[in-house]
Amino acid sequence: MKRVAITGAGTINALGHDVPATMEAMREGRCGIGPLDIRDVDRLSVKIGGQVRGYEETGHFNRQQIALYDRFTQFALLSAGQAIEQSGLEFSGELAARSGVVLGTSGGGLSTQDENYRAVYEAGKNRVHPFVVPKLMNNAAASHVSMQWNLKGPSFTVATACASSNHAMGQAFHMIRSGMTKAMVTGGSESMLCFGGVKAWEGLRVMSKDACRPFSATRNGMVQGEGAGVFVFEEMEHAKRRGAEILAEVVGFAMTSDAADIVMPSKQGAARAIRGAVQDGRVDPARVGYVNAHGTGTAANDKTECAAVADAFGAHADDLLISSTKSMHGHLIGGTGAVELLACIMALRDGVVAPTIGYEEHDPECALDVVPNEAREAKIDVALSNAFAFGGLNAVLALQGV
Amino acid sequence: MPVRNKVIQIIADQAMLEVSDVSGDKSLGDLGIDSLGLVESIFAIEEEFDIQVPFNANEPENSEFDISSVDAVIKAVEGLVADQAA
């Protein structure tokens with residue numbers, strides 16, 4: 001079995017347009033959630049989100065590219081570029097053939113769908129742009145990353161709702177660990193903050209109208225975000241031989257299915273995934289110092305997740321730190337695990353654990369150390385990243401410091 | 001049809017019961033309606049009466065909309081319909 005290093009990281013999200021800006025915001029406990037600036041927002045009852053601000057697509061892409069790149073593809077390309085440049089890898093010959101792209105997304109080119117449904121249904125047009133299909137397809141982001149960086153190995157898109165990017169990164173991890181590939185560009189991207197995307201979530205009645213306050217007794221729902229996180233996973237010896245900077249090591253991954261309910265989470269399913277990731281990494285559970293929680297801020301998730309962590313770790317659950325950075329960047333749905341992996345890397349590499357902001361009042365059903373409101377310095381040896389999707393599909397990654 | 005009958009019809013459809021089996025003192029839970037079914041019932045009520053029901057699934061007990069029993073739901077809907085007419 002090969003070991004797997006992370007040698008590059010990139011992101012764009014409500015907290016920043018790159019990794020340093022995002023980590024700085026996480027350290028400072030800054031909130032990226034604010035009033036939504038989208039078309040027809042007055043017809044929404046939920047008017048807040050973790051929107052990427054100060055972003056002009058024309059500043060990054062030309063007219064022909066914009067005709068093909070939905071916002072979720074743009075976010076993926078920008079993040080992948082940052083990650084690959086940091087890694088220093090150049091993909092050609094044998095390395096290109098044995099490197100691929102696995103990205104998660106839930107909605108894919110949802111903004112493109114939204115705009116074009118408007119055109120044909122609302123505006124009554126009988127013609128749409130010829131690139132609608134290649135722009136909206138869920139694999140567009142993975143394909144464009146592959147094309148731009150000459151990645152010719154296994155490449156595809158994973159869609160498991162809120163666990164998409166963790167499932168994607170798990171696949172990339174398995175491919176390198178098994179020897180199938182040398183390097184993988186992996187993570188997730190989402191851009192659901194359009195009228196139809198928010199309206200659909202509104203219908204489920206689980207959204208907060210004011211803030212995302214995970215684990216706080218006063219929490220009243222989730223807040224959507226958008227953006228991407230993309231990493232370079234690389235076979236450890238390959239990375240060491242070329243003297244690459246290693247941000248962290250991916251040591252374990254597990255996925256489970258609740259096989260129970262389409263929206264309500266299950267303690268058992270989540271706990272099995274947590275335990276599974278620790279066992280897969282052959283890690284002593286007592287070494288796990290930080291868990292980046294799924295922590296959506298809904299009543300159901302947060303209490304179930306805390307119960308699952310307590311179940312999986314026993315008495316050690318009281319010693320570890322657990323926080324939800326969704327309080328700052330919102331829920332990026334299919335891209336969320338990727339942005340949240342940055343908090344794990346920051347904890348392992350810099351010894352700073354990102355806080356759960358917006359925390360107001362203790363909830364006895366979430367009685368763990370949730371790092372309320374302020375980041376904390378701590379030496380973290382092993383960190384987990386949880387993702388528990390609608391549909392009962394759970395995916396947990398285990399990372400260790402180098 | 002009065003509000004009462006329409007609400008009972010919606011709840012009966014959701015619970016897959018006969019209208020005659022939906023008595024006012026029962027809670028929606030008693031009738032076998034789970035959290036997802038509750039959200040769907042509220043959507044059906046909003047569509048039927050063209051009203052906005054203030055309900056957040058994260059804090060059902062704190063919502064202004066009383067869902068403790070079928071009678072409570074009917075009363076709440078009657079209030080919202082009256083507010084709208086006013």
# chains A, B, ... in the order shown; residues from 1 in each chain; ligands from 1
$ interface_residues --of "chain B" --to "chain A" --cutoff "6 Å" --atoms "only C-alpha atoms" --output "number ranges by chain"
B: 56-58
$ select_by_dssp --residues "segment 20-122 of chain A" --states "strand (DSSP E)" --output "mmCIF file with all heavy atoms, in the first residue's frame"
data_model
loop_
_atom_site.group_PDB
_atom_site.id
_atom_site.type_symbol
_atom_site.label_atom_id
_atom_site.label_comp_id
_atom_site.auth_asym_id
_atom_site.auth_seq_id
_atom_site.Cartn_x
_atom_site.Cartn_y
_atom_site.Cartn_z
ATOM 1 N N GLY A 34 -23.641 36.632 4.328
ATOM 2 C CA GLY A 34 -24.273 37.950 4.301
ATOM 3 C C GLY A 34 -25.459 37.963 3.359
ATOM 4 O O GLY A 34 -25.873 36.907 2.862
ATOM 5 N N PRO A 35 -26.005 39.158 3.106
ATOM 6 C CA PRO A 35 -27.169 39.257 2.220
ATOM 7 C C PRO A 35 -26.840 38.721 0.825
ATOM 8 O O PRO A 35 -25.774 38.992 0.293
ATOM 9 C CB PRO A 35 -27.451 40.765 2.162
ATOM 10 C CG PRO A 35 -26.744 41.351 3.327
ATOM 11 C CD PRO A 35 -25.585 40.463 3.639
ATOM 12 N N ILE A 48 -30.048 35.101 2.767
ATOM 13 C CA ILE A 48 -28.621 35.158 3.120
ATOM 14 C C ILE A 48 -27.887 33.943 2.559
ATOM 15 O O ILE A 48 -28.502 32.910 2.273
ATOM 16 C CB ILE A 48 -28.400 35.226 4.654
ATOM 17 C CG1 ILE A 48 -29.030 34.004 5.348
ATOM 18 C CG2 ILE A 48 -28.956 36.522 5.219
ATOM 19 C CD1 ILE A 48 -28.583 33.832 6.784
ATOM 20 N N GLY A 49 -26.577 34.091 2.428
ATOM 21 C CA GLY A 49 -25.758 32.978 1.957
ATOM 22 C C GLY A 49 -24.284 33.311 2.046
ATOM 23 O O GLY A 49 -23.907 34.467 2.237
ATOM 24 N N SER A 99 -2.218 10.197 -13.818
ATOM 25 C CA SER A 99 -2.805 11.203 -12.928
ATOM 26 C C SER A 99 -4.173 11.596 -13.459
ATOM 27 O O SER A 99 -4.361 11.712 -14.670
ATOM 28 C CB SER A 99 -1.914 12.453 -12.866
ATOM 29 O OG SER A 99 -0.620 12.113 -12.415
ATOM 30 N N GLY A 100 -5.126 11.807 -12.552
ATOM 31 C CA GLY A 100 -6.487 12.120 -12.996
ATOM 32 C C GLY A 100 -7.150 13.168 -12.134
ATOM 33 O O GLY A 100 -6.508 13.813 -11.296
ATOM 34 N N VAL A 101 -8.435 13.341 -12.354
ATOM 35 C CA VAL A 101 -9.224 14.360 -11.654
ATOM 36 C C VAL A 101 -10.511 13.713 -11.136
ATOM 37 O O VAL A 101 -11.298 13.188 -11.926
ATOM 38 C CB VAL A 101 -9.664 15.500 -12.599
ATOM 39 C CG1 VAL A 101 -10.264 16.645 -11.797
ATOM 40 C CG2 VAL A 101 -8.537 15.968 -13.478
ATOM 41 N N VAL A 102 -10.738 13.757 -9.839
ATOM 42 C CA VAL A 102 -12.023 13.313 -9.300
ATOM 43 C C VAL A 102 -12.582 14.452 -8.451
ATOM 44 O O VAL A 102 -11.998 14.831 -7.435
ATOM 45 C CB VAL A 102 -11.907 12.036 -8.442
ATOM 46 C CG1 VAL A 102 -13.285 11.607 -7.966
ATOM 47 C CG2 VAL A 102 -11.269 10.904 -9.237
ATOM 48 N N LEU A 103 -13.663 15.023 -8.915
ATOM 49 C CA LEU A 103 -14.273 16.153 -8.205
ATOM 50 C C LEU A 103 -15.702 15.830 -7.789
ATOM 51 O O LEU A 103 -16.407 15.101 -8.493
ATOM 52 C CB LEU A 103 -14.293 17.398 -9.102
ATOM 53 C CG LEU A 103 -12.944 18.005 -9.504
ATOM 54 C CD1 LEU A 103 -13.156 19.202 -10.415
ATOM 55 C CD2 LEU A 103 -12.140 18.409 -8.272
ATOM 56 N N GLY A 104 -16.116 16.418 -6.682
ATOM 57 C CA GLY A 104 -17.495 16.280 -6.233
ATOM 58 C C GLY A 104 -18.310 17.509 -6.589
ATOM 59 O O GLY A 104 -17.785 18.626 -6.613
#
$ residues_around --residues "Ser20 of chain B" --least-positions-apart "2" --cutoff "12 Å" --atoms "only C-alpha atoms" --output "number ranges by chain"
B: 5, 8-9, 11-13, 16-18, 22-24
$ residues_around --residues "segment 163-173 of chain A" --least-positions-apart "3" --cutoff "6 Å" --atoms "only C-alpha atoms" --output "CSV table (one decimal) with C-alpha atoms, in the first residue's frame"
chain,number,residue,atom,x,y,z
A,102,VAL,CA,-12.0,13.3,-9.3
A,103,LEU,CA,-14.3,16.2,-8.2
A,104,GLY,CA,-17.5,16.3,-6.2
A,105,THR,CA,-20.5,18.4,-7.0
A,158,VAL,CA,-19.0,12.1,-7.8
A,159,ALA,CA,-22.4,13.3,-6.7
A,160,THR,CA,-23.5,12.3,-3.2
A,176,ILE,CA,-3.0,6.4,-5.2
A,184,MET,CA,-4.8,13.1,-8.3
A,186,THR,CA,-9.4,16.2,-6.2
A,187,GLY,CA,-12.0,18.0,-4.1
A,188,GLY,CA,-15.3,19.6,-5.0
A,253,PHE,CA,-11.2,7.0,4.5
A,334,GLY,CA,-21.0,19.2,-2.9
A,335,GLY,CA,-17.9,21.3,-2.4
A,337,GLY,CA,-15.9,18.8,2.5
A,338,ALA,CA,-13.1,20.2,0.3
A,387,ALA,CA,-19.5,14.6,5.7
A,388,PHE,CA,-23.0,13.2,6.1
A,389,ALA,CA,-25.3,13.6,3.1
A,395,ALA,CA,-17.9,9.8,4.1
$ atom_distance --atom1 "atom CA of Leu28 of chain B" --atom2 "atom CA of Gly269 of chain A"
27.4 Å
$ atom_distance --atom1 "atom CA of Val339 of chain A" --atom2 "atom CA of Ala260 of chain A"
27.9 Å
$ atom_distance --atom1 "atom CA of Val223 of chain A" --atom2 "atom CA of His331 of chain A"
6.0 Å
$ residues_around --residues "Gly16 of chain A" --least-positions-apart "3" --cutoff "10 Å" --atoms "only C-alpha atoms" --output "ChimeraX atom specification"
/A:11-13,19-26,32,52-54,227,329
$ write_last_selection --atoms "N, CA, C and O atoms" --output "compact mmCIF listing (two decimals), in the first residue's frame"
# COMPACT_ATOMS: atom_id res chain seq x y z
N THR A 11 -8.46 27.14 -3.32
CA THR A 11 -9.87 27.35 -2.99
C THR A 11 -10.34 28.73 -3.44
O THR A 11 -9.55 29.66 -3.63
N ILE A 12 -11.64 28.82 -3.58
CA ILE A 12 -12.31 30.12 -3.64
C ILE A 12 -13.64 29.90 -2.93
O ILE A 12 -14.34 28.91 -3.19
N ASN A 13 -13.95 30.74 -1.99
CA ASN A 13 -15.19 30.58 -1.22
C ASN A 13 -15.51 31.93 -0.57
O ASN A 13 -14.79 32.91 -0.80
N VAL A 19 -6.13 30.00 -0.58
CA VAL A 19 -5.96 29.30 0.70
C VAL A 19 -5.48 30.23 1.82
O VAL A 19 -6.06 30.22 2.92
N PRO A 20 -4.45 31.06 1.59
CA PRO A 20 -4.02 31.93 2.70
C PRO A 20 -5.14 32.83 3.22
O PRO A 20 -5.29 32.98 4.44
N ALA A 21 -5.92 33.43 2.31
CA ALA A 21 -7.00 34.31 2.76
C ALA A 21 -8.07 33.53 3.52
O ALA A 21 -8.62 34.01 4.53
N THR A 22 -8.37 32.32 3.06
CA THR A 22 -9.38 31.50 3.72
C THR A 22 -8.92 31.09 5.12
O THR A 22 -9.67 31.17 6.09
N MET A 23 -7.66 30.66 5.21
CA MET A 23 -7.15 30.24 6.53
C MET A 23 -7.06 31.42 7.49
O MET A 23 -7.33 31.27 8.69
N GLU A 24 -6.71 32.58 6.96
CA GLU A 24 -6.65 33.76 7.82
C GLU A 24 -8.04 34.06 8.40
O GLU A 24 -8.20 34.33 9.59
N ALA A 25 -9.06 33.97 7.53
CA ALA A 25 -10.44 34.22 8.00
C ALA A 25 -10.85 33.18 9.03
O ALA A 25 -11.52 33.49 10.02
N MET A 26 -10.45 31.92 8.80
CA MET A 26 -10.78 30.87 9.76
C MET A 26 -10.09 31.11 11.10
O MET A 26 -10.69 30.91 12.16
N GLY A 32 -18.32 34.87 6.56
CA GLY A 32 -18.46 35.20 5.14
C GLY A 32 -19.90 35.20 4.68
O GLY A 32 -20.18 35.36 3.49
N VAL A 52 -19.56 34.06 -2.84
CA VAL A 52 -18.22 34.53 -3.21
C VAL A 52 -18.35 35.97 -3.68
O VAL A 52 -19.10 36.25 -4.61
N ARG A 53 -17.67 36.87 -2.99
CA ARG A 53 -17.79 38.30 -3.30
C ARG A 53 -16.54 38.84 -3.98
O ARG A 53 -15.47 38.24 -3.90
N GLY A 54 -16.71 39.97 -4.64
CA GLY A 54 -15.58 40.61 -5.30
C GLY A 54 -15.03 39.76 -6.43
O GLY A 54 -13.83 39.78 -6.71
N GLY A 227 -18.60 27.84 -3.83
CA GLY A 227 -17.16 27.89 -4.02
C GLY A 227 -16.60 26.52 -4.31
O GLY A 227 -17.33 25.59 -4.68
N HIS A 329 -18.29 29.92 6.31
CA HIS A 329 -18.39 29.91 4.84
C HIS A 329 -19.71 29.35 4.33
O HIS A 329 -19.93 29.30 3.13
